[in-house]
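Just start14.cif here, mmCIF, C-alpha atoms:
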data_run
loop_
_atom_site.label_atom_id
_atom_site.label_comp_id
_atom_site.auth_asym_id
_atom_site.auth_seq_id
_atom_site.Cartn_x
_atom_site.Cartn_y
_atom_site.Cartn_z
CA MET A 1 101.17 70.78 121.56
CA ARG A 2 104.15 73.13 121.31
CA GLY A 3 104.55 76.54 122.88
CA THR A 4 106.86 78.87 124.77
CA VAL A 5 107.88 77.69 128.25
CA LEU A 6 109.50 79.90 130.88
CA VAL A 7 111.91 77.84 133.03
CA VAL A 8 112.82 79.33 136.43
CA ASP A 9 115.50 77.66 138.58
CA ASP A 10 118.50 78.99 140.48
CA GLU A 11 120.71 76.06 139.36
CA PRO A 12 122.18 76.59 135.83
CA ALA A 13 122.65 72.85 135.29
CA VAL A 14 118.96 72.18 135.96
CA ARG A 15 117.94 74.99 133.61
CA PHE A 16 120.20 73.61 130.88
CA THR A 17 118.86 70.05 131.24
CA ILE A 18 115.24 71.22 131.09
CA GLN A 19 115.95 73.52 128.17
CA GLN A 20 117.49 70.69 126.14
CA ALA A 21 114.58 68.35 126.92
CA LEU A 22 111.86 70.89 126.04
CA GLU A 23 113.56 72.19 122.91
CA SER A 24 113.90 68.62 121.65
CA ALA A 25 110.09 68.40 121.96
CA GLY A 26 109.66 71.51 119.81
CA HIS A 27 109.04 74.11 122.53
CA ALA A 28 110.66 77.52 122.65
CA VAL A 29 112.31 78.06 126.04
CA LEU A 30 112.87 81.22 128.08
CA LEU A 31 115.23 81.06 131.06
CA ALA A 32 115.38 82.85 134.42
CA GLY A 33 117.47 82.29 137.55
CA ASP A 34 114.88 83.65 139.99
CA PRO A 35 111.32 85.06 140.10
CA ASP A 36 112.54 88.66 139.73
CA GLU A 37 114.24 87.77 136.46
CA ALA A 38 111.21 85.74 135.37
CA ALA A 39 108.51 88.34 136.06
CA PRO A 40 109.11 90.52 132.96
CA GLN A 41 108.90 87.41 130.76
CA LEU A 42 105.51 86.15 131.96
CA ALA A 43 103.63 87.92 129.18
CA ALA A 44 105.73 86.16 126.52
CA CYS A 45 105.17 82.54 127.54
CA ASP A 46 102.48 79.87 127.32
CA ALA A 47 103.47 78.00 130.50
CA VAL A 48 105.84 78.40 133.45
CA LEU A 49 108.01 75.70 135.02
CA THR A 50 109.50 76.99 138.30
CA ASP A 51 111.44 75.57 141.21
CA LEU A 52 109.51 75.81 144.45
CA VAL A 53 112.47 76.64 146.74
CA MET A 54 114.90 79.39 145.67
CA PRO A 55 117.17 81.67 147.74
CA ARG A 56 115.57 85.11 147.43
CA ARG A 57 111.95 84.45 146.42
CA ASP A 58 110.18 81.11 146.19
CA GLY A 59 108.05 79.66 143.44
CA LEU A 60 104.83 80.46 145.32
CA SER A 61 105.48 84.19 145.00
CA LEU A 62 105.98 83.76 141.25
CA LEU A 63 102.80 81.67 141.12
CA ALA A 64 100.85 84.49 142.76
CA GLU A 65 102.36 87.05 140.38
CA ALA A 66 101.56 84.91 137.34
CA ARG A 67 97.98 84.31 138.51
CA ALA A 68 97.46 88.04 139.02
CA ALA A 69 98.87 88.90 135.59
CA ASP A 70 97.10 86.13 133.67
CA PRO A 71 94.77 83.61 135.39
CA ASP A 72 94.98 81.35 132.32
CA LEU A 73 98.77 80.95 132.47
CA PRO A 74 99.59 77.44 133.79
CA VAL A 75 102.39 77.23 136.36
CA VAL A 76 104.11 73.88 137.04
CA LEU A 77 106.23 73.56 140.20
CA LEU A 78 109.49 71.63 140.68
CA THR A 79 109.84 70.20 144.18
CA ALA A 80 112.39 68.15 146.06
CA ARG A 81 111.44 64.81 147.57
CA GLY A 82 109.61 65.24 150.85
CA THR A 83 107.97 68.55 149.88
CA GLU A 84 105.07 67.04 147.90
CA ARG A 85 102.68 68.30 150.58
CA ASP A 86 103.81 71.86 149.80
CA ALA A 87 103.24 71.23 146.10
CA VAL A 88 99.70 69.97 146.71
CA ALA A 89 99.01 73.07 148.79
CA ALA A 90 100.36 75.17 145.91
CA MET A 91 97.95 73.49 143.50
CA LYS A 92 95.12 74.62 145.74
CA LEU A 93 96.46 78.14 145.19
CA GLY A 94 96.21 77.70 141.43
CA ALA A 95 99.30 75.78 140.30
CA TYR A 96 98.63 73.57 137.28
CA ASP A 97 100.79 70.58 138.32
CA TYR A 98 104.07 69.66 139.98
CA LEU A 99 107.11 67.47 139.30
CA THR A 100 109.36 65.92 141.94
CA LYS A 101 113.14 66.04 141.52
CA PRO A 102 114.74 63.97 140.15
CA PHE A 103 112.22 63.69 137.33
CA ALA A 104 112.10 61.63 134.15
CA LEU A 105 112.54 63.72 131.00
CA ASP A 106 109.62 61.98 129.28
CA GLU A 107 107.41 62.90 132.23
CA LEU A 108 108.66 66.50 132.03
CA ARG A 109 107.81 66.72 128.33
CA ALA A 110 104.36 65.19 128.88
CA VAL A 111 103.44 67.53 131.74
CA MET A 112 104.57 70.66 129.87
CA ALA A 113 102.77 69.58 126.69
CA ARG A 114 99.56 69.24 128.71
CA ALA A 115 100.15 72.63 130.32
CA VAL A 116 100.64 74.36 126.96
CA GLU A 117 97.54 72.64 125.59
CA ALA A 118 95.54 73.68 128.65
CA ARG A 119 96.59 77.28 128.05
CA ALA A 120 95.42 77.09 124.42
CA LEU A 121 92.08 75.54 125.41
CA ARG A 122 91.47 78.11 128.15
CA ARG A 123 92.30 80.97 125.77
CA SER A 124 90.02 79.51 123.11
CA ALA A 125 87.14 79.10 125.56
CA ARG A 126 87.60 82.63 126.89
CA GLN A 127 87.73 84.03 123.37
CA LEU A 128 84.52 82.24 122.38
CA ALA A 129 82.77 83.56 125.49
CA LEU A 130 84.13 87.03 124.83
CA GLU A 131 83.03 86.97 121.19
CA ARG A 132 79.53 85.93 122.26
CA SER A 133 79.46 88.83 124.71
CA MET A 134 80.75 91.29 122.10
CA GLY A 135 78.61 89.92 119.31
CA ARG A 136 81.60 89.93 116.94
CA PRO A 137 84.72 87.80 116.41
CA LEU A 138 88.35 88.56 117.23
CA VAL A 139 90.26 87.62 114.09
CA GLY A 140 94.03 87.22 114.19
CA ASP A 141 96.65 85.27 116.07
CA GLY A 142 99.81 87.19 115.25
CA ALA A 143 102.13 88.33 118.03
CA ALA A 144 101.24 92.05 117.75
CA PHE A 145 97.50 91.38 117.81
CA ARG A 146 97.73 88.89 120.68
CA ARG A 147 99.78 91.35 122.78
CA LEU A 148 97.16 94.03 122.21
CA ILE A 149 94.28 91.70 123.12
CA ASP A 150 96.09 90.45 126.24
CA ASP A 151 96.86 94.02 127.35
CA ALA A 152 93.25 95.09 126.72
CA ARG A 153 91.92 92.16 128.74
CA ARG A 154 94.30 92.93 131.57
CA VAL A 155 93.40 96.62 131.77
CA ALA A 156 89.68 95.88 131.37
CA ARG A 157 89.59 94.51 134.92
CA ARG A 158 90.91 97.78 136.36
CA GLN A 159 88.77 100.86 136.89
CA VAL A 160 90.91 103.24 134.83
CA THR A 161 90.37 105.34 131.73
CA VAL A 162 91.99 103.98 128.58
CA LEU A 163 93.18 105.87 125.50
CA LEU A 164 93.34 103.85 122.28
CA ARG A 165 95.67 105.23 119.63
CA GLY A 166 95.84 104.01 116.07
CA GLU A 167 95.38 104.89 112.44
CA THR A 168 91.94 105.05 110.89
CA GLY A 169 90.49 101.60 110.21
CA THR A 170 92.75 99.61 112.56
CA GLY A 171 89.92 98.37 114.78
CA LYS A 172 89.98 100.72 117.79
CA GLU A 173 86.22 100.27 118.20
CA LEU A 174 86.72 96.50 118.45
CA VAL A 175 89.25 96.93 121.26
CA ALA A 176 86.90 99.32 123.07
CA SER A 177 84.13 96.71 122.86
CA LEU A 178 86.51 94.08 124.22
CA ILE A 179 87.46 96.28 127.20
CA HIS A 180 83.78 96.75 128.08
CA ALA A 181 82.95 93.06 127.61
CA GLU A 182 85.85 91.96 129.85
CA SER A 183 85.22 94.55 132.55
CA PRO A 184 83.08 94.30 135.72
CA ARG A 185 80.72 96.71 133.90
CA ARG A 186 79.91 94.18 131.19
CA ASP A 187 76.25 94.01 132.25
CA GLY A 188 75.88 97.79 132.02
CA PRO A 189 75.44 99.88 128.86
CA CYS A 190 78.23 100.51 126.36
CA VAL A 191 77.49 103.85 124.71
CA ARG A 192 79.46 105.38 121.84
CA PHE A 193 79.85 109.05 121.00
CA ASN A 194 81.71 110.18 117.88
CA CYS A 195 83.32 113.48 118.80
CA ALA A 196 84.00 114.33 115.15
CA ALA A 197 80.42 113.77 113.95
CA ILE A 198 78.63 116.45 116.02
CA PRO A 199 79.02 120.24 115.52
CA ALA A 200 80.81 121.93 118.42
CA GLU A 201 77.74 123.95 119.41
CA LEU A 202 75.68 120.75 119.86
CA ALA A 203 78.33 118.52 121.44
CA GLU A 204 77.73 119.74 125.01
CA ALA A 205 74.00 119.05 124.87
CA GLU A 206 74.64 115.63 123.30
CA LEU A 207 77.15 114.61 125.94
CA PHE A 208 75.56 116.07 129.07
CA GLY A 209 71.90 116.32 128.06
CA HIS A 210 69.63 119.36 128.26
CA THR A 211 66.43 120.60 129.87
CA ARG A 212 63.27 121.55 128.02
CA GLY A 213 63.61 125.05 126.54
CA ALA A 214 67.36 125.19 127.17
CA PHE A 215 67.84 126.44 123.61
CA THR A 216 65.82 126.94 120.45
CA GLY A 217 64.43 123.58 119.36
CA ALA A 218 64.77 121.92 122.78
CA VAL A 219 61.09 121.00 122.99
CA ALA A 220 61.74 118.23 125.52
CA ALA A 221 64.39 117.33 128.06
CA ARG A 222 66.98 114.80 126.90
CA ARG A 223 69.49 112.60 128.71
CA GLY A 224 73.03 112.94 127.39
CA TYR A 225 75.52 110.24 126.56
CA PHE A 226 77.16 110.36 130.00
CA ALA A 227 73.82 109.72 131.70
CA GLN A 228 72.95 106.98 129.21
CA ALA A 229 76.25 105.24 130.03
CA ASP A 230 75.71 105.40 133.82
CA GLY A 231 76.90 102.11 135.33
CA GLY A 232 78.66 101.15 132.13
CA THR A 233 81.20 102.39 129.59
CA LEU A 234 81.26 105.52 127.45
CA VAL A 235 83.42 105.26 124.32
CA LEU A 236 84.57 108.65 123.03
CA ASP A 237 85.58 108.02 119.42
CA GLU A 238 88.00 110.54 117.90
CA VAL A 239 88.34 112.34 121.22
CA GLY A 240 91.01 114.59 119.71
CA GLU A 241 88.25 116.45 117.84
CA LEU A 242 86.56 117.69 121.04
CA PRO A 243 86.29 121.51 121.03
CA LEU A 244 88.58 123.18 123.57
CA SER A 245 85.61 124.93 125.18
CA LEU A 246 84.06 121.59 126.11
CA GLN A 247 87.18 119.89 127.43
CA PRO A 248 87.06 121.35 130.99
CA LYS A 249 83.56 119.89 131.43
CA ILE A 250 84.75 116.48 130.22
CA LEU A 251 87.61 116.73 132.71
CA ARG A 252 85.17 117.48 135.54
CA ALA A 253 83.02 114.50 134.59
CA LEU A 254 86.09 112.25 134.72
CA GLN A 255 87.51 113.65 137.96
CA GLU A 256 84.37 114.25 139.98
CA GLY A 257 81.80 111.99 138.31
CA GLU A 258 79.56 115.04 137.87
CA ILE A 259 77.74 116.46 134.86
CA GLN A 260 75.47 119.47 134.40
CA PRO A 261 72.86 119.26 131.64
CA VAL A 262 72.53 122.38 129.50
CA GLY A 263 69.93 124.67 131.06
CA ALA A 264 69.94 122.86 134.42
CA GLY A 265 70.78 124.62 137.66
CA ARG A 266 72.14 121.52 139.36
CA VAL A 267 74.72 118.83 138.80
CA GLU A 268 74.07 115.10 138.48
CA LYS A 269 76.26 112.24 139.66
CA VAL A 270 77.22 109.58 137.09
CA ASP A 271 79.27 106.39 137.37
CA VAL A 272 80.94 106.00 133.97
CA ARG A 273 84.13 104.34 132.78
CA VAL A 274 85.55 106.19 129.74
CA VAL A 275 87.45 104.58 126.89
CA ALA A 276 88.65 107.14 124.35
CA SER A 277 90.11 106.61 120.90
CA THR A 278 92.00 108.82 118.48
CA HIS A 279 94.17 108.72 115.38
CA ARG A 280 95.98 111.88 116.54
CA ASP A 281 99.03 112.24 118.79
CA LEU A 282 97.32 113.90 121.76
CA ARG A 283 100.57 114.35 123.67
CA ALA A 284 101.89 116.46 120.79
CA ALA A 285 98.54 118.27 120.52
CA ALA A 286 98.72 119.10 124.24
CA GLY A 287 102.20 120.52 123.72
CA GLU A 288 100.89 122.67 120.87
CA GLY A 289 97.95 123.93 122.94
CA THR A 290 95.26 122.37 120.72
CA PHE A 291 94.26 119.82 123.39
CA ARG A 292 94.23 120.29 127.17
CA GLU A 293 97.22 118.66 128.80
CA ASP A 294 95.34 117.84 132.01
CA LEU A 295 92.58 116.14 130.03
CA TYR A 296 95.14 114.16 128.04
CA TYR A 297 96.71 112.76 131.21
CA ARG A 298 93.28 111.98 132.66
CA LEU A 299 92.29 110.06 129.51
CA ALA A 300 95.63 108.28 129.06
CA VAL A 301 95.96 106.58 132.46
CA VAL A 302 96.58 103.56 130.24
CA GLU A 303 97.43 104.14 126.59
CA LEU A 304 97.21 101.25 124.12
CA THR A 305 98.35 101.43 120.51
CA VAL A 306 96.34 99.49 117.94
CA PRO A 307 98.88 98.41 115.28
CA PRO A 308 98.29 99.16 111.59
CA LEU A 309 97.67 96.23 109.28
CA ARG A 310 101.14 96.54 107.72
CA GLU A 311 102.59 95.61 111.13
CA ARG A 312 100.44 92.50 111.50
CA ARG A 313 100.55 91.02 108.01
CA GLU A 314 100.50 87.50 109.46
CA ASP A 315 96.83 88.12 110.33
CA ILE A 316 95.79 89.04 106.78
CA PRO A 317 95.01 85.47 105.60
CA ALA A 318 92.71 84.93 108.61
CA LEU A 319 91.03 88.30 108.05
CA LEU A 320 90.56 87.51 104.35
CA ASP A 321 88.96 84.18 105.24
CA HIS A 322 86.66 85.85 107.77
CA PHE A 323 85.49 88.55 105.35
CA ARG A 324 85.21 86.03 102.50
CA ARG A 325 82.77 83.91 104.51
CA ARG A 326 80.83 86.95 105.71
CA TYR A 327 80.25 88.42 102.27
CA ALA A 328 79.76 85.09 100.50
CA ALA A 329 76.85 84.48 102.88
CA ARG A 330 75.56 88.04 102.56
CA PHE A 331 75.63 87.93 98.75
CA ASP A 332 74.34 84.32 98.64
CA LEU A 333 77.32 83.18 96.55
CA GLY A 334 77.68 79.68 97.98
CA ASP A 335 81.23 78.31 97.93
CA VAL A 336 83.80 81.05 97.31
CA ARG A 337 87.54 80.40 97.49
CA PHE A 338 90.62 82.60 97.24
CA THR A 339 93.62 81.12 95.44
CA ASP A 340 96.99 81.12 97.20
CA ALA A 341 98.24 83.61 94.62
CA LEU A 342 95.42 86.05 95.44
CA VAL A 343 95.97 85.71 99.20
CA ALA A 344 99.71 86.33 98.75
CA ALA A 345 99.06 89.35 96.54
CA LEU A 346 96.58 90.85 99.00
CA ALA A 347 98.89 90.18 101.96
CA ALA A 348 101.67 92.14 100.24
CA ARG A 349 99.62 95.28 99.59
CA PRO A 350 100.22 98.35 101.80
CA TRP A 351 96.59 98.80 103.03
CA PRO A 352 96.81 102.43 104.19
CA GLY A 353 93.14 102.17 105.23
CA ASN A 354 94.00 99.11 107.35
CA VAL A 355 91.39 96.45 108.25
CA ARG A 356 88.49 98.62 107.07
CA GLU A 357 90.06 98.94 103.62
CA LEU A 358 90.76 95.20 103.51
CA GLU A 359 87.12 94.42 104.31
CA ASN A 360 85.97 96.87 101.65
CA ALA A 361 88.25 95.18 99.10
CA VAL A 362 86.86 91.71 99.87
CA ALA A 363 83.28 92.99 99.68
CA ARG A 364 83.98 94.60 96.30
CA MET A 365 85.63 91.50 94.85
CA LEU A 366 82.77 89.25 95.93
CA ALA A 367 80.07 91.69 94.85
CA LEU A 368 81.53 91.59 91.33
CA SER A 369 82.04 87.81 91.25
CA ASP A 370 79.88 84.78 90.54
CA GLY A 371 81.49 82.71 93.28
CA GLY A 372 83.89 79.82 92.83
CA ALA A 373 87.66 80.27 92.91
CA LEU A 374 88.85 83.87 92.78
CA GLY A 375 92.39 84.50 91.55
CA VAL A 376 94.74 87.42 91.06
CA GLU A 377 92.61 88.78 88.21
CA CYS A 378 90.39 90.21 90.96
CA LEU A 379 93.12 92.72 91.83
CA ALA A 380 92.07 94.79 88.84
CA ARG A 381 88.69 95.37 90.47
CA LEU A 382 90.14 97.00 93.56
CA SER A 383 90.98 100.25 91.78
CA GLY A 384 87.38 100.72 90.68
CA GLU A 385 88.43 100.20 87.05
CA ALA A 386 88.88 97.19 84.84
CA PRO A 387 92.26 97.60 83.11
CA THR A 388 93.51 95.00 80.67
CA LEU A 389 96.94 93.48 81.00
CA ASP A 390 98.01 95.16 77.76
CA ALA A 391 97.02 98.65 78.85
CA PRO A 392 99.82 101.14 79.53
CA GLY A 393 100.77 102.66 82.88
CA GLY A 394 99.22 101.18 85.99
CA ALA A 395 97.90 98.07 84.24
CA GLN A 396 101.41 97.18 83.17
CA GLY A 397 102.43 97.50 86.82
CA LEU A 398 99.60 95.18 87.78
CA ARG A 399 100.78 92.56 85.28
CA GLU A 400 104.31 92.70 86.67
CA GLU A 401 103.03 92.57 90.26
CA VAL A 402 100.86 89.52 89.57
CA ALA A 403 103.67 87.78 87.69
CA GLY A 404 106.04 88.38 90.57
CA PHE A 405 103.63 86.88 93.10
CA GLU A 406 102.95 83.88 90.85
CA ARG A 407 106.65 83.24 90.35
CA ALA A 408 107.29 83.41 94.10
CA LEU A 409 104.43 80.99 94.79
CA LEU A 410 105.77 78.53 92.21
CA GLN A 411 109.23 78.67 93.75
CA ARG A 412 107.90 78.11 97.26
CA ALA A 413 105.73 75.19 96.14
CA LEU A 414 108.67 73.54 94.38
CA ALA A 415 110.92 74.05 97.40
CA ALA A 416 108.31 72.65 99.78
CA SER A 417 107.82 69.57 97.59
CA GLU A 418 111.59 69.13 97.05
CA GLY A 419 111.20 69.55 93.28
CA ASN A 420 108.36 67.03 92.91
CA GLN A 421 106.17 68.67 90.26
CA SER A 422 103.08 66.55 90.95
CA GLU A 423 103.26 67.41 94.66
CA ALA A 424 103.84 71.10 93.84
CA ALA A 425 100.77 71.10 91.56
CA ARG A 426 98.70 69.53 94.34
CA ARG A 427 99.84 72.17 96.81
CA LEU A 428 98.88 74.94 94.39
CA GLY A 429 95.55 73.36 93.46
CA VAL A 430 96.32 73.16 89.72
CA SER A 431 96.89 70.33 87.26
CA ARG A 432 100.42 69.16 86.49
CA MET A 433 100.08 70.42 82.90
CA THR A 434 99.08 73.87 84.16
CA LEU A 435 102.06 73.85 86.49
CA LEU A 436 104.44 72.90 83.67
CA ASP A 437 103.03 75.69 81.52
CA LYS A 438 103.55 78.26 84.29
CA LEU A 439 107.07 77.00 85.02
CA LYS A 440 107.95 77.40 81.35
CA ARG A 441 106.42 80.87 81.22
CA HIS A 442 108.48 82.03 84.21
CA GLY A 443 111.66 80.28 83.11
CA LEU A 444 111.67 77.92 86.07
CA ARG A 445 112.88 74.31 85.98
#
Now that the file is in, can you turn its structure into structure tokens?
Amino acid sequence: MRGTVLVVDDEPAVRFTIQQALESAGHAVLLAGDPDEAAPQLAACDAVLTDLVMPRRDGLSLLAEARAADPDLPVVLLTARGTERDAVAAMKLGAYDYLTKPFALDELRAVMARAVEARALRRSARQLALERSMGRPLVGDGAAFRRLIDDARRVARRQVTVLLRGETGTGKELVASLIHAESPRRDGPCVRFNCAAIPAELAEAELFGHTRGAFTGAVAARRGYFAQADGGTLVLDEVGELPLSLQPKILRALQEGEIQPVGAGRVEKVDVRVVASTHRDLRAAAGEGTFREDLYYRLAVVELTVPPLRERREDIPALLDHFRRRYAARFDLGDVRFTDALVAALAARPWPGNVRELENAVARMLALSDGGALGVECLARLSGEAPTLDAPGGAQGLREEVAGFERALLQRALAASEGNQSEAARRLGVSRMTLLDKLKRHGLR
């Protein structure tokens, strides 16, 4: 298995030799001359190969740092002859393996391939366990999505408030669920409160609870969301919509762990970890006076940005496949497939509504289909209309868009098959006669 290996050694010649050997095996290689130079690169690699003895800091200190940052990151130690005992002791501290200098290059490649594979297996096992805990899958393996998931997992272990920023429909609620599921509070409740869905005059009673007779209609006492989340996590969705009058009480709950139900003459202690989300720029809102600055800084101890779908297009095919299977089962459609042309066309769309809009599009296409193979003709259904290819205006644009995607797919298939038309037809899932017809239509040879 191939991956990204961080090589740490104070001798340039050793680094060069290892780099050449690993790159010849298909790995990407990052280089560092000491642990201080290596530390910022830990998050970008799949395995670490480090010398044990170096002038300023040794490999054991880097091992400890790597283990603290990511327990799944395998660290392989390079040792001189006679220090194998130290290497064995290091393995008891969490090192994956060790190599003794001088080492055979084949042995080096084999050990690092196993380390990269171990990393992939550990990550897969953790993700499966996490998905079972969350009750929903994490779909995507692009760099932007993986960085977000790794950062969320890392911060989940710390008792800090987290602010999730991102456009509507990007999946902020999924990240909030992940933070709870990976935290020490995973066995406690995870309670959600949508700050934009409750009128301002009712928000205080909803969040902090109320006593019987506290206001007209309060026929019984009620526990608020903070009390319901005691011992667990409270997710404040769209926290930027909180009324200013309520924000000082939220701040007190975060700072002191105290709430006061409406109508009560006493305060109650609560133990709640808050994860907030917003599509607004709260720093700018604080500067404008529409959001309390002190509350912003209390919420944003750690601030994570959930990227829009246009910045993680590499994840669109996996998301399409996930939603296709979900809605095919829900609509009892049996075997449903998306052609390469349809996947390419959908991956190129702007998706201003992000993942939520993508899911809605897949649901609509499948709801209007009879199953089987779905091609680019389904794009016409996404506008809510059914234009013909001869219609003026937008339909003409659709025809040109589809033709452009089809031409690009044909060119890629021919390039990948080195001009072999039978192989190109197989790759595209069409007959050779259909391929020839399409090549002629697009003026391709």
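Between CA of Leu333 in chain A and CA of Gly371 in chain A the separation is 5.3 Å.
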Could you name the residues that touch range 178-192 of chain A at 9 Å or less, counting only C-alpha atoms, but leaving out those on the same chain fewer than 6 positions away, as a JSON list (two decimals) with C-alpha atoms, in the frame of the given file?
[["chain", "number", "residue", "atom", "x", "y", "z"],
["A", 130, "LEU", "CA", 84.13, 87.03, 124.83],
["A", 131, "GLU", "CA", 83.03, 86.97, 121.19],
["A", 133, "SER", "CA", 79.46, 88.83, 124.71],
["A", 134, "MET", "CA", 80.75, 91.29, 122.10],
["A", 149, "ILE", "CA", 94.28, 91.70, 123.12],
["A", 152, "ALA", "CA", 93.25, 95.09, 126.72],
["A", 153, "ARG", "CA", 91.92, 92.16, 128.74],
["A", 154, "ARG", "CA", 94.30, 92.93, 131.57],
["A", 155, "VAL", "CA", 93.40, 96.62, 131.77],
["A", 156, "ALA", "CA", 89.68, 95.88, 131.37],
["A", 157, "ARG", "CA", 89.59, 94.51, 134.92],
["A", 158, "ARG", "CA", 90.91, 97.78, 136.36],
["A", 159, "GLN", "CA", 88.77, 100.86, 136.89],
["A", 225, "TYR", "CA", 75.52, 110.24, 126.56],
["A", 226, "PHE", "CA", 77.16, 110.36, 130.00],
["A", 228, "GLN", "CA", 72.95, 106.98, 129.21],
["A", 229, "ALA", "CA", 76.25, 105.24, 130.03],
["A", 230, "ASP", "CA", 75.71, 105.40, 133.82],
["A", 231, "GLY", "CA", 76.90, 102.11, 135.33],
["A", 232, "GLY", "CA", 78.66, 101.15, 132.13],
["A", 233, "THR", "CA", 81.20, 102.39, 129.59],
["A", 234, "LEU", "CA", 81.26, 105.52, 127.45],
["A", 235, "VAL", "CA", 83.42, 105.26, 124.32],
["A", 236, "LEU", "CA", 84.57, 108.65, 123.03],
["A", 237, "ASP", "CA", 85.58, 108.02, 119.42],
["A", 273, "ARG", "CA", 84.13, 104.34, 132.78],
["A", 275, "VAL", "CA", 87.45, 104.58, 126.89]]
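In this structure, CA of Ala205 in chain A sits 13.2 Å away from CA of Leu242 in chain A.
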Atomic separation - CA of Asn354 in chain A relative to CA of Thr290 in chain A, Å: 26.9 Å
Long-range neighbours of Leu428 in chain A as a list in words, 12 Å cut-off, all atoms listed in the file, 3 positions minimum in chain: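 What passes the distance filter is Phe338, Thr339, Asp340, Ala341, Leu342, Gly375, Glu406, Ala408, Leu409, Leu410, Gln411, Arg412, Ala413, Leu414, Ala416, Ser417, Gln421, Ser422, Glu423, Ala424, Ala425, Ser431, Arg432, Thr434, Leu435 and Lys438 of chain A.
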Residues just named, written with C-alpha atoms as an mmCIF file, in the coordinates of the input:
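What follows is the written file result.cif:
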data_model
loop_
_atom_site.group_PDB
_atom_site.id
_atom_site.type_symbol
_atom_site.label_atom_id
_atom_site.label_comp_id
_atom_site.auth_asym_id
_atom_site.auth_seq_id
_atom_site.Cartn_x
_atom_site.Cartn_y
_atom_site.Cartn_z
ATOM 1 C CA PHE A 338 90.620 82.600 97.240
ATOM 2 C CA THR A 339 93.620 81.120 95.440
ATOM 3 C CA ASP A 340 96.990 81.120 97.200
ATOM 4 C CA ALA A 341 98.240 83.610 94.620
ATOM 5 C CA LEU A 342 95.420 86.050 95.440
ATOM 6 C CA GLY A 375 92.390 84.500 91.550
ATOM 7 C CA GLU A 406 102.950 83.880 90.850
ATOM 8 C CA ALA A 408 107.290 83.410 94.100
ATOM 9 C CA LEU A 409 104.430 80.990 94.790
ATOM 10 C CA LEU A 410 105.770 78.530 92.210
ATOM 11 C CA GLN A 411 109.230 78.670 93.750
ATOM 12 C CA ARG A 412 107.900 78.110 97.260
ATOM 13 C CA ALA A 413 105.730 75.190 96.140
ATOM 14 C CA LEU A 414 108.670 73.540 94.380
ATOM 15 C CA ALA A 416 108.310 72.650 99.780
ATOM 16 C CA SER A 417 107.820 69.570 97.590
ATOM 17 C CA GLN A 421 106.170 68.670 90.260
ATOM 18 C CA SER A 422 103.080 66.550 90.950
ATOM 19 C CA GLU A 423 103.260 67.410 94.660
ATOM 20 C CA ALA A 424 103.840 71.100 93.840
ATOM 21 C CA ALA A 425 100.770 71.100 91.560
ATOM 22 C CA SER A 431 96.890 70.330 87.260
ATOM 23 C CA ARG A 432 100.420 69.160 86.490
ATOM 24 C CA THR A 434 99.080 73.870 84.160
ATOM 25 C CA LEU A 435 102.060 73.850 86.490
ATOM 26 C CA LYS A 438 103.550 78.260 84.290
#
Please identify all polymer residues lying at most 10 Å from the point (101.1, 93.5, 108.2) (file coordinates), using all atoms listed in the file, and present the result as a tab-separated table (two decimals) with C-alpha atoms, in the coordinates of the input.
chain	number	residue	atom	x	y	z
A	142	GLY	CA	99.81	87.19	115.25
A	144	ALA	CA	101.24	92.05	117.75
A	307	PRO	CA	98.88	98.41	115.28
A	308	PRO	CA	98.29	99.16	111.59
A	309	LEU	CA	97.67	96.23	109.28
A	310	ARG	CA	101.14	96.54	107.72
A	311	GLU	CA	102.59	95.61	111.13
A	312	ARG	CA	100.44	92.50	111.50
A	313	ARG	CA	100.55	91.02	108.01
A	314	GLU	CA	100.50	87.50	109.46
A	315	ASP	CA	96.83	88.12	110.33
A	316	ILE	CA	95.79	89.04	106.78
A	347	ALA	CA	98.89	90.18	101.96
A	348	ALA	CA	101.67	92.14	100.24
A	349	ARG	CA	99.62	95.28	99.59
A	350	PRO	CA	100.22	98.35	101.80
A	351	TRP	CA	96.59	98.80	103.03
A	354	ASN	CA	94.00	99.11	107.35
Close residues, Asp70 in chain A itself excluded, 9 Å, all atoms listed in the file, min 3 positions apart in chain, as a PyMOL selection string: chain A and resi 42-43+65-67+73+150+154
Could you list as a ChimeraX atom specification every residue that has an atom within 12 Å of (79.6, 92.1, 94.2), using the file's coordinates and counting all atoms listed in the file? /A:324,327-333,360-371,378,381-382
Could the residues in this selection be written to a file with C-alpha atoms, as a short mmCIF file (atom, residue, chain, number, x, y, z; two decimals), in the frame of the given file?
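Wrote it out as part07.cif, contents follow:
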data_model
loop_
_atom_site.label_atom_id
_atom_site.label_comp_id
_atom_site.auth_asym_id
_atom_site.auth_seq_id
_atom_site.Cartn_x
_atom_site.Cartn_y
_atom_site.Cartn_z
CA ARG A 324 85.21 86.03 102.50
CA TYR A 327 80.25 88.42 102.27
CA ALA A 328 79.76 85.09 100.50
CA ALA A 329 76.85 84.48 102.88
CA ARG A 330 75.56 88.04 102.56
CA PHE A 331 75.63 87.93 98.75
CA ASP A 332 74.34 84.32 98.64
CA LEU A 333 77.32 83.18 96.55
CA ASN A 360 85.97 96.87 101.65
CA ALA A 361 88.25 95.18 99.10
CA VAL A 362 86.86 91.71 99.87
CA ALA A 363 83.28 92.99 99.68
CA ARG A 364 83.98 94.60 96.30
CA MET A 365 85.63 91.50 94.85
CA LEU A 366 82.77 89.25 95.93
CA ALA A 367 80.07 91.69 94.85
CA LEU A 368 81.53 91.59 91.33
CA SER A 369 82.04 87.81 91.25
CA ASP A 370 79.88 84.78 90.54
CA GLY A 371 81.49 82.71 93.28
CA CYS A 378 90.39 90.21 90.96
CA ARG A 381 88.69 95.37 90.47
CA LEU A 382 90.14 97.00 93.56
#
